[in-house]
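Structure file start.cif (mmCIF, N, CA and C atoms) follows.
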```
data_input
loop_
_atom_site.group_PDB
_atom_site.id
_atom_site.type_symbol
_atom_site.label_atom_id
_atom_site.label_comp_id
_atom_site.auth_asym_id
_atom_site.auth_seq_id
_atom_site.Cartn_x
_atom_site.Cartn_y
_atom_site.Cartn_z
ATOM 1 N N MET A 1 13.789 -19.704 -4.289
ATOM 2 C CA MET A 1 12.654 -19.223 -3.531
ATOM 3 C C MET A 1 11.390 -19.525 -4.345
ATOM 4 N N LYS A 2 10.386 -20.040 -3.688
ATOM 5 C CA LYS A 2 9.120 -20.348 -4.336
ATOM 6 C C LYS A 2 8.250 -19.098 -4.352
ATOM 7 N N GLY A 3 7.873 -18.647 -5.544
ATOM 8 C CA GLY A 3 7.117 -17.410 -5.639
ATOM 9 C C GLY A 3 5.988 -17.470 -6.643
ATOM 10 N N ILE A 4 5.106 -16.504 -6.510
ATOM 11 C CA ILE A 4 3.975 -16.379 -7.415
ATOM 12 C C ILE A 4 3.712 -14.910 -7.707
ATOM 13 N N VAL A 5 3.251 -14.654 -8.912
ATOM 14 C CA VAL A 5 2.828 -13.316 -9.305
ATOM 15 C C VAL A 5 1.320 -13.385 -9.549
ATOM 16 N N VAL A 6 0.556 -12.727 -8.697
ATOM 17 C CA VAL A 6 -0.897 -12.663 -8.831
ATOM 18 C C VAL A 6 -1.219 -11.309 -9.443
ATOM 19 N N TYR A 7 -2.045 -11.300 -10.483
ATOM 20 C CA TYR A 7 -2.259 -10.036 -11.182
ATOM 21 C C TYR A 7 -3.705 -9.869 -11.637
ATOM 22 N N ASP A 8 -4.069 -8.628 -11.847
ATOM 23 C CA ASP A 8 -5.318 -8.271 -12.487
ATOM 24 C C ASP A 8 -4.936 -7.457 -13.710
ATOM 25 N N SER A 9 -5.673 -7.628 -14.784
ATOM 26 C CA SER A 9 -5.326 -6.935 -16.020
ATOM 27 C C SER A 9 -6.604 -6.600 -16.775
ATOM 28 N N LYS A 10 -6.822 -5.341 -17.044
ATOM 29 C CA LYS A 10 -8.026 -4.905 -17.760
ATOM 30 C C LYS A 10 -7.890 -5.075 -19.275
ATOM 31 N N TYR A 11 -6.749 -4.677 -19.829
ATOM 32 C CA TYR A 11 -6.557 -4.707 -21.274
ATOM 33 C C TYR A 11 -5.409 -5.615 -21.706
ATOM 34 N N GLY A 12 -4.829 -6.351 -20.755
ATOM 35 C CA GLY A 12 -3.768 -7.290 -21.074
ATOM 36 C C GLY A 12 -2.358 -6.810 -20.798
ATOM 37 N N ASN A 13 -2.162 -5.504 -20.603
ATOM 38 C CA ASN A 13 -0.805 -4.983 -20.392
ATOM 39 C C ASN A 13 -0.204 -5.461 -19.072
ATOM 40 N N THR A 14 -0.952 -5.342 -17.985
ATOM 41 C CA THR A 14 -0.436 -5.785 -16.686
ATOM 42 C C THR A 14 -0.210 -7.290 -16.700
ATOM 43 N N GLY A 15 -1.063 -8.016 -17.391
ATOM 44 C CA GLY A 15 -0.885 -9.463 -17.509
ATOM 45 C C GLY A 15 0.415 -9.816 -18.210
ATOM 46 N N MET A 16 0.742 -9.088 -19.281
ATOM 47 C CA MET A 16 1.998 -9.339 -19.988
ATOM 48 C C MET A 16 3.197 -9.047 -19.084
ATOM 49 N N VAL A 17 3.136 -7.959 -18.322
ATOM 50 C CA VAL A 17 4.225 -7.630 -17.397
ATOM 51 C C VAL A 17 4.338 -8.710 -16.323
ATOM 52 N N ALA A 18 3.212 -9.125 -15.770
ATOM 53 C CA ALA A 18 3.219 -10.156 -14.722
ATOM 54 C C ALA A 18 3.798 -11.471 -15.234
ATOM 55 N N GLU A 19 3.390 -11.868 -16.426
ATOM 56 C CA GLU A 19 3.909 -13.117 -17.010
ATOM 57 C C GLU A 19 5.413 -13.020 -17.262
ATOM 58 N N ALA A 20 5.880 -11.862 -17.712
ATOM 59 C CA ALA A 20 7.314 -11.669 -17.965
ATOM 60 C C ALA A 20 8.102 -11.720 -16.654
ATOM 61 N N ILE A 21 7.589 -11.082 -15.616
ATOM 62 C CA ILE A 21 8.260 -11.119 -14.313
ATOM 63 C C ILE A 21 8.315 -12.551 -13.806
ATOM 64 N N ALA A 22 7.187 -13.249 -13.880
ATOM 65 C CA ALA A 22 7.136 -14.640 -13.407
ATOM 66 C C ALA A 22 8.124 -15.520 -14.172
ATOM 67 N N ALA A 23 8.186 -15.348 -15.473
ATOM 68 C CA ALA A 23 9.112 -16.153 -16.276
ATOM 69 C C ALA A 23 10.568 -15.854 -15.912
ATOM 70 N N ALA A 24 10.881 -14.576 -15.730
ATOM 71 C CA ALA A 24 12.256 -14.191 -15.401
ATOM 72 C C ALA A 24 12.696 -14.731 -14.050
ATOM 73 N N LEU A 25 11.756 -14.826 -13.105
ATOM 74 C CA LEU A 25 12.085 -15.282 -11.759
ATOM 75 C C LEU A 25 11.804 -16.769 -11.539
ATOM 76 N N ASN A 26 11.302 -17.431 -12.572
ATOM 77 C CA ASN A 26 10.895 -18.832 -12.477
ATOM 78 C C ASN A 26 9.791 -19.017 -11.426
ATOM 79 N N TYR A 27 8.856 -18.091 -11.409
ATOM 80 C CA TYR A 27 7.694 -18.130 -10.528
ATOM 81 C C TYR A 27 6.479 -18.554 -11.336
ATOM 82 N N LYS A 28 5.415 -18.857 -10.639
ATOM 83 C CA LYS A 28 4.124 -19.081 -11.284
ATOM 84 C C LYS A 28 3.433 -17.732 -11.424
ATOM 85 N N ALA A 29 2.490 -17.645 -12.339
ATOM 86 C CA ALA A 29 1.672 -16.442 -12.501
ATOM 87 C C ALA A 29 0.214 -16.884 -12.496
ATOM 88 N N ALA A 30 -0.648 -16.073 -11.886
ATOM 89 C CA ALA A 30 -2.064 -16.416 -11.815
ATOM 90 C C ALA A 30 -2.910 -15.161 -11.828
ATOM 91 N N PRO A 31 -3.962 -15.143 -12.639
ATOM 92 C CA PRO A 31 -4.896 -14.021 -12.595
ATOM 93 C C PRO A 31 -5.616 -14.010 -11.243
ATOM 94 N N VAL A 32 -5.853 -12.831 -10.709
ATOM 95 C CA VAL A 32 -6.429 -12.698 -9.375
ATOM 96 C C VAL A 32 -7.791 -13.381 -9.265
ATOM 97 N N ASN A 33 -8.590 -13.350 -10.317
ATOM 98 C CA ASN A 33 -9.920 -13.943 -10.240
ATOM 99 C C ASN A 33 -9.903 -15.470 -10.322
ATOM 100 N N GLU A 34 -8.741 -16.059 -10.571
ATOM 101 C CA GLU A 34 -8.598 -17.514 -10.597
ATOM 102 C C GLU A 34 -7.719 -18.023 -9.457
ATOM 103 N N PHE A 35 -7.397 -17.144 -8.526
ATOM 104 C CA PHE A 35 -6.435 -17.501 -7.478
ATOM 105 C C PHE A 35 -7.109 -17.562 -6.112
ATOM 106 N N PRO A 36 -7.169 -18.752 -5.495
ATOM 107 C CA PRO A 36 -7.733 -18.832 -4.145
ATOM 108 C C PRO A 36 -6.742 -18.259 -3.120
ATOM 109 N N PRO A 37 -7.162 -17.276 -2.327
ATOM 110 C CA PRO A 37 -6.240 -16.608 -1.395
ATOM 111 C C PRO A 37 -5.522 -17.548 -0.428
ATOM 112 N N GLU A 38 -6.141 -18.650 -0.063
ATOM 113 C CA GLU A 38 -5.490 -19.564 0.880
ATOM 114 C C GLU A 38 -4.218 -20.173 0.300
ATOM 115 N N ARG A 39 -4.038 -20.122 -0.997
ATOM 116 C CA ARG A 39 -2.818 -20.644 -1.616
ATOM 117 C C ARG A 39 -1.605 -19.744 -1.384
ATOM 118 N N LEU A 40 -1.817 -18.522 -0.914
ATOM 119 C CA LEU A 40 -0.681 -17.625 -0.649
ATOM 120 C C LEU A 40 0.295 -18.241 0.343
ATOM 121 N N LEU A 41 -0.210 -19.044 1.252
ATOM 122 C CA LEU A 41 0.642 -19.640 2.281
ATOM 123 C C LEU A 41 1.672 -20.611 1.712
ATOM 124 N N ALA A 42 1.472 -21.045 0.484
ATOM 125 C CA ALA A 42 2.396 -22.001 -0.131
ATOM 126 C C ALA A 42 3.636 -21.340 -0.720
ATOM 127 N N TYR A 43 3.704 -20.005 -0.672
ATOM 128 C CA TYR A 43 4.791 -19.287 -1.337
ATOM 129 C C TYR A 43 5.617 -18.464 -0.360
ATOM 130 N N GLU A 44 6.906 -18.348 -0.675
ATOM 131 C CA GLU A 44 7.811 -17.529 0.130
ATOM 132 C C GLU A 44 7.830 -16.079 -0.345
ATOM 133 N N HIS A 45 7.503 -15.870 -1.615
ATOM 134 C CA HIS A 45 7.477 -14.521 -2.181
ATOM 135 C C HIS A 45 6.196 -14.365 -2.985
ATOM 136 N N VAL A 46 5.421 -13.367 -2.631
ATOM 137 C CA VAL A 46 4.174 -13.073 -3.329
ATOM 138 C C VAL A 46 4.303 -11.699 -3.975
ATOM 139 N N MET A 47 4.074 -11.650 -5.285
ATOM 140 C CA MET A 47 4.048 -10.381 -6.009
ATOM 141 C C MET A 47 2.623 -10.181 -6.492
ATOM 142 N N MET A 48 2.140 -8.965 -6.390
ATOM 143 C CA MET A 48 0.803 -8.658 -6.878
ATOM 144 C C MET A 48 0.869 -7.461 -7.794
ATOM 145 N N GLY A 49 0.204 -7.570 -8.929
ATOM 146 C CA GLY A 49 0.213 -6.490 -9.897
ATOM 147 C C GLY A 49 -1.191 -6.161 -10.359
ATOM 148 N N SER A 50 -1.409 -4.890 -10.569
ATOM 149 C CA SER A 50 -2.729 -4.425 -10.966
ATOM 150 C C SER A 50 -2.594 -3.138 -11.759
ATOM 151 N N PRO A 51 -3.473 -2.954 -12.745
ATOM 152 C CA PRO A 51 -3.495 -1.632 -13.359
ATOM 153 C C PRO A 51 -3.949 -0.625 -12.314
ATOM 154 N N THR A 52 -3.608 0.602 -12.517
ATOM 155 C CA THR A 52 -4.022 1.618 -11.552
ATOM 156 C C THR A 52 -5.067 2.531 -12.159
ATOM 157 N N HIS A 53 -5.993 2.901 -11.344
ATOM 158 C CA HIS A 53 -7.020 3.863 -11.714
ATOM 159 C C HIS A 53 -7.049 4.886 -10.595
ATOM 160 N N MET A 54 -6.584 6.098 -10.885
ATOM 161 C CA MET A 54 -6.473 7.142 -9.873
ATOM 162 C C MET A 54 -5.537 6.693 -8.736
ATOM 163 N N ALA A 55 -4.424 6.044 -9.119
ATOM 164 C CA ALA A 55 -3.378 5.568 -8.201
ATOM 165 C C ALA A 55 -3.868 4.488 -7.247
ATOM 166 N N ARG A 56 -4.911 3.761 -7.635
ATOM 167 C CA ARG A 56 -5.442 2.668 -6.819
ATOM 168 C C ARG A 56 -5.451 1.382 -7.630
ATOM 169 N N PRO A 57 -5.303 0.253 -6.960
ATOM 170 C CA PRO A 57 -5.444 -1.018 -7.677
ATOM 171 C C PRO A 57 -6.913 -1.246 -8.028
ATOM 172 N N THR A 58 -7.157 -2.237 -8.837
ATOM 173 C CA THR A 58 -8.537 -2.556 -9.203
ATOM 174 C C THR A 58 -9.310 -3.049 -7.981
ATOM 175 N N ASP A 59 -10.616 -2.963 -8.066
ATOM 176 C CA ASP A 59 -11.458 -3.459 -6.966
ATOM 177 C C ASP A 59 -11.249 -4.951 -6.730
ATOM 178 N N THR A 60 -11.037 -5.710 -7.785
ATOM 179 C CA THR A 60 -10.804 -7.146 -7.645
ATOM 180 C C THR A 60 -9.563 -7.414 -6.800
ATOM 181 N N MET A 61 -8.486 -6.678 -7.063
ATOM 182 C CA MET A 61 -7.256 -6.855 -6.292
ATOM 183 C C MET A 61 -7.453 -6.391 -4.850
ATOM 184 N N LEU A 62 -8.094 -5.244 -4.677
ATOM 185 C CA LEU A 62 -8.360 -4.751 -3.317
ATOM 186 C C LEU A 62 -9.198 -5.738 -2.524
ATOM 187 N N ASN A 63 -10.208 -6.322 -3.159
ATOM 188 C CA ASN A 63 -11.066 -7.285 -2.463
ATOM 189 C C ASN A 63 -10.285 -8.510 -2.014
ATOM 190 N N LEU A 64 -9.360 -8.968 -2.838
ATOM 191 C CA LEU A 64 -8.512 -10.095 -2.434
ATOM 192 C C LEU A 64 -7.699 -9.718 -1.204
ATOM 193 N N LEU A 65 -7.058 -8.568 -1.259
ATOM 194 C CA LEU A 65 -6.193 -8.148 -0.163
ATOM 195 C C LEU A 65 -6.978 -7.874 1.120
ATOM 196 N N ILE A 66 -8.108 -7.201 0.998
ATOM 197 C CA ILE A 66 -8.923 -6.888 2.171
ATOM 198 C C ILE A 66 -9.480 -8.162 2.801
ATOM 199 N N GLY A 67 -9.766 -9.161 1.977
ATOM 200 C CA GLY A 67 -10.340 -10.401 2.476
ATOM 201 C C GLY A 67 -9.352 -11.368 3.105
ATOM 202 N N LEU A 68 -8.064 -11.050 3.045
ATOM 203 C CA LEU A 68 -7.074 -11.954 3.641
ATOM 204 C C LEU A 68 -7.183 -11.948 5.155
ATOM 205 N N PRO A 69 -7.088 -13.121 5.772
ATOM 206 C CA PRO A 69 -7.071 -13.160 7.235
ATOM 207 C C PRO A 69 -5.859 -12.403 7.772
ATOM 208 N N GLY A 70 -5.990 -11.835 8.958
ATOM 209 C CA GLY A 70 -4.907 -11.064 9.562
ATOM 210 C C GLY A 70 -3.604 -11.835 9.618
ATOM 211 N N LYS A 71 -2.541 -11.172 9.251
ATOM 212 C CA LYS A 71 -1.168 -11.685 9.318
ATOM 213 C C LYS A 71 -0.908 -12.892 8.427
ATOM 214 N N VAL A 72 -1.774 -13.138 7.429
ATOM 215 C CA VAL A 72 -1.546 -14.276 6.545
ATOM 216 C C VAL A 72 -0.245 -14.117 5.758
ATOM 217 N N LEU A 73 0.176 -12.888 5.528
ATOM 218 C CA LEU A 73 1.421 -12.657 4.802
ATOM 219 C C LEU A 73 2.610 -12.445 5.740
ATOM 220 N N SER A 74 2.411 -12.679 7.024
ATOM 221 C CA SER A 74 3.503 -12.544 7.982
ATOM 222 C C SER A 74 4.605 -13.547 7.645
ATOM 223 N N GLY A 75 5.808 -13.054 7.478
ATOM 224 C CA GLY A 75 6.933 -13.915 7.144
ATOM 225 C C GLY A 75 7.076 -14.186 5.649
ATOM 226 N N VAL A 76 6.173 -13.627 4.846
ATOM 227 C CA VAL A 76 6.223 -13.810 3.401
ATOM 228 C C VAL A 76 6.787 -12.535 2.783
ATOM 229 N N ASN A 77 7.723 -12.679 1.868
ATOM 230 C CA ASN A 77 8.212 -11.515 1.124
ATOM 231 C C ASN A 77 7.082 -11.052 0.209
ATOM 232 N N PHE A 78 6.750 -9.776 0.251
ATOM 233 C CA PHE A 78 5.621 -9.247 -0.508
ATOM 234 C C PHE A 78 6.087 -8.062 -1.343
ATOM 235 N N THR A 79 5.707 -8.080 -2.616
ATOM 236 C CA THR A 79 6.030 -6.996 -3.532
ATOM 237 C C THR A 79 4.791 -6.701 -4.357
ATOM 238 N N CYS A 80 4.568 -5.440 -4.674
ATOM 239 C CA CYS A 80 3.471 -5.119 -5.580
ATOM 240 C C CYS A 80 3.976 -4.216 -6.688
ATOM 241 N N PHE A 81 3.276 -4.256 -7.811
ATOM 242 C CA PHE A 81 3.613 -3.366 -8.913
ATOM 243 C C PHE A 81 2.335 -2.910 -9.583
ATOM 244 N N PRO A 82 2.267 -1.693 -10.060
ATOM 245 C CA PRO A 82 3.226 -0.652 -9.712
ATOM 246 C C PRO A 82 3.128 -0.330 -8.231
ATOM 247 N N HIS A 83 4.192 0.143 -7.671
ATOM 248 C CA HIS A 83 4.265 0.337 -6.229
ATOM 249 C C HIS A 83 3.385 1.480 -5.710
ATOM 250 N N ALA A 84 2.881 2.335 -6.570
ATOM 251 C CA ALA A 84 2.110 3.498 -6.138
ATOM 252 C C ALA A 84 0.871 3.119 -5.319
ATOM 253 N N TRP A 85 0.283 1.963 -5.571
ATOM 254 C CA TRP A 85 -0.928 1.609 -4.854
ATOM 255 C C TRP A 85 -0.671 0.898 -3.534
ATOM 256 N N MET A 86 0.573 0.674 -3.179
ATOM 257 C CA MET A 86 0.887 0.006 -1.931
ATOM 258 C C MET A 86 0.306 0.758 -0.718
ATOM 259 N N ALA A 87 0.220 2.058 -0.804
ATOM 260 C CA ALA A 87 -0.320 2.845 0.302
ATOM 261 C C ALA A 87 -1.790 2.556 0.547
ATOM 262 N N GLU A 88 -2.476 1.975 -0.421
ATOM 263 C CA GLU A 88 -3.896 1.674 -0.270
ATOM 264 C C GLU A 88 -4.149 0.479 0.622
ATOM 265 N N ILE A 89 -3.155 -0.411 0.771
ATOM 266 C CA ILE A 89 -3.397 -1.637 1.538
ATOM 267 C C ILE A 89 -2.779 -1.604 2.903
#
```
Take the structure from the file and write it as structure tokens.
Amino acid sequence: MKGIVVYDSKYGNTGMVAEAIAAALNYKAAPVNEFPPERLLAYEHVMMGSPTHMARPTDTMLNLLIGLPGKVLSGVNFTCFPHAWMAEI
């Protein structure tokens, strides 16, 4: 399965986790601020990771997700970590 881990990291911890997940799954990893959203369509599995602040993802991650065209992730396996912020999107 072709996958990518898109992440935001304030102090490097989430980035290290994202890189480790990507390596274990043989996926690519990309920082959210360097990732054009239209590239999501090229992947069968999209993972997104962000540090949490008050159980919310960073504004950068939220802006990416909010800016996605409707149903762009339809048919794509989607996972986020930590999962607590999934309710925000």
_Using the chain letters and numbers from this file, what does the PyMOL selection byres ((chain A and resi 28-35) around 8) select? Give the answer as number ranges by chain._
A: 2-9, 15, 18-19, 21-23, 25-27, 36-40, 60-61, 64
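Counting from CA of Met47 in chain A, the distance to atom N of Leu65 in chain A is 12.2 Å.
When DSSP reads the backbone of this structure, the residues of chain A it assigns to strand (DSSP E) are Gly3, Ile4, Val5, Val6, Tyr7, Lys28, Ala29, Ala30, Pro31, His45, Val46, Met47, Met48, Gly49, Asn77, Phe78, Thr79, Cys80 and Phe81 of chain A.
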I need the helix (DSSP H, G or I) residues of chain A per DSSP on the backbone, written as a PyMOL selection string. chain A and resi 13-25+32-34+37-42+59-66+83-88
Counting all atoms listed in the file, closest pick from A:Gly75, A:Pro57, A:Pro51, A:Gly70 relative to Thr14 in chain A is A:Pro51
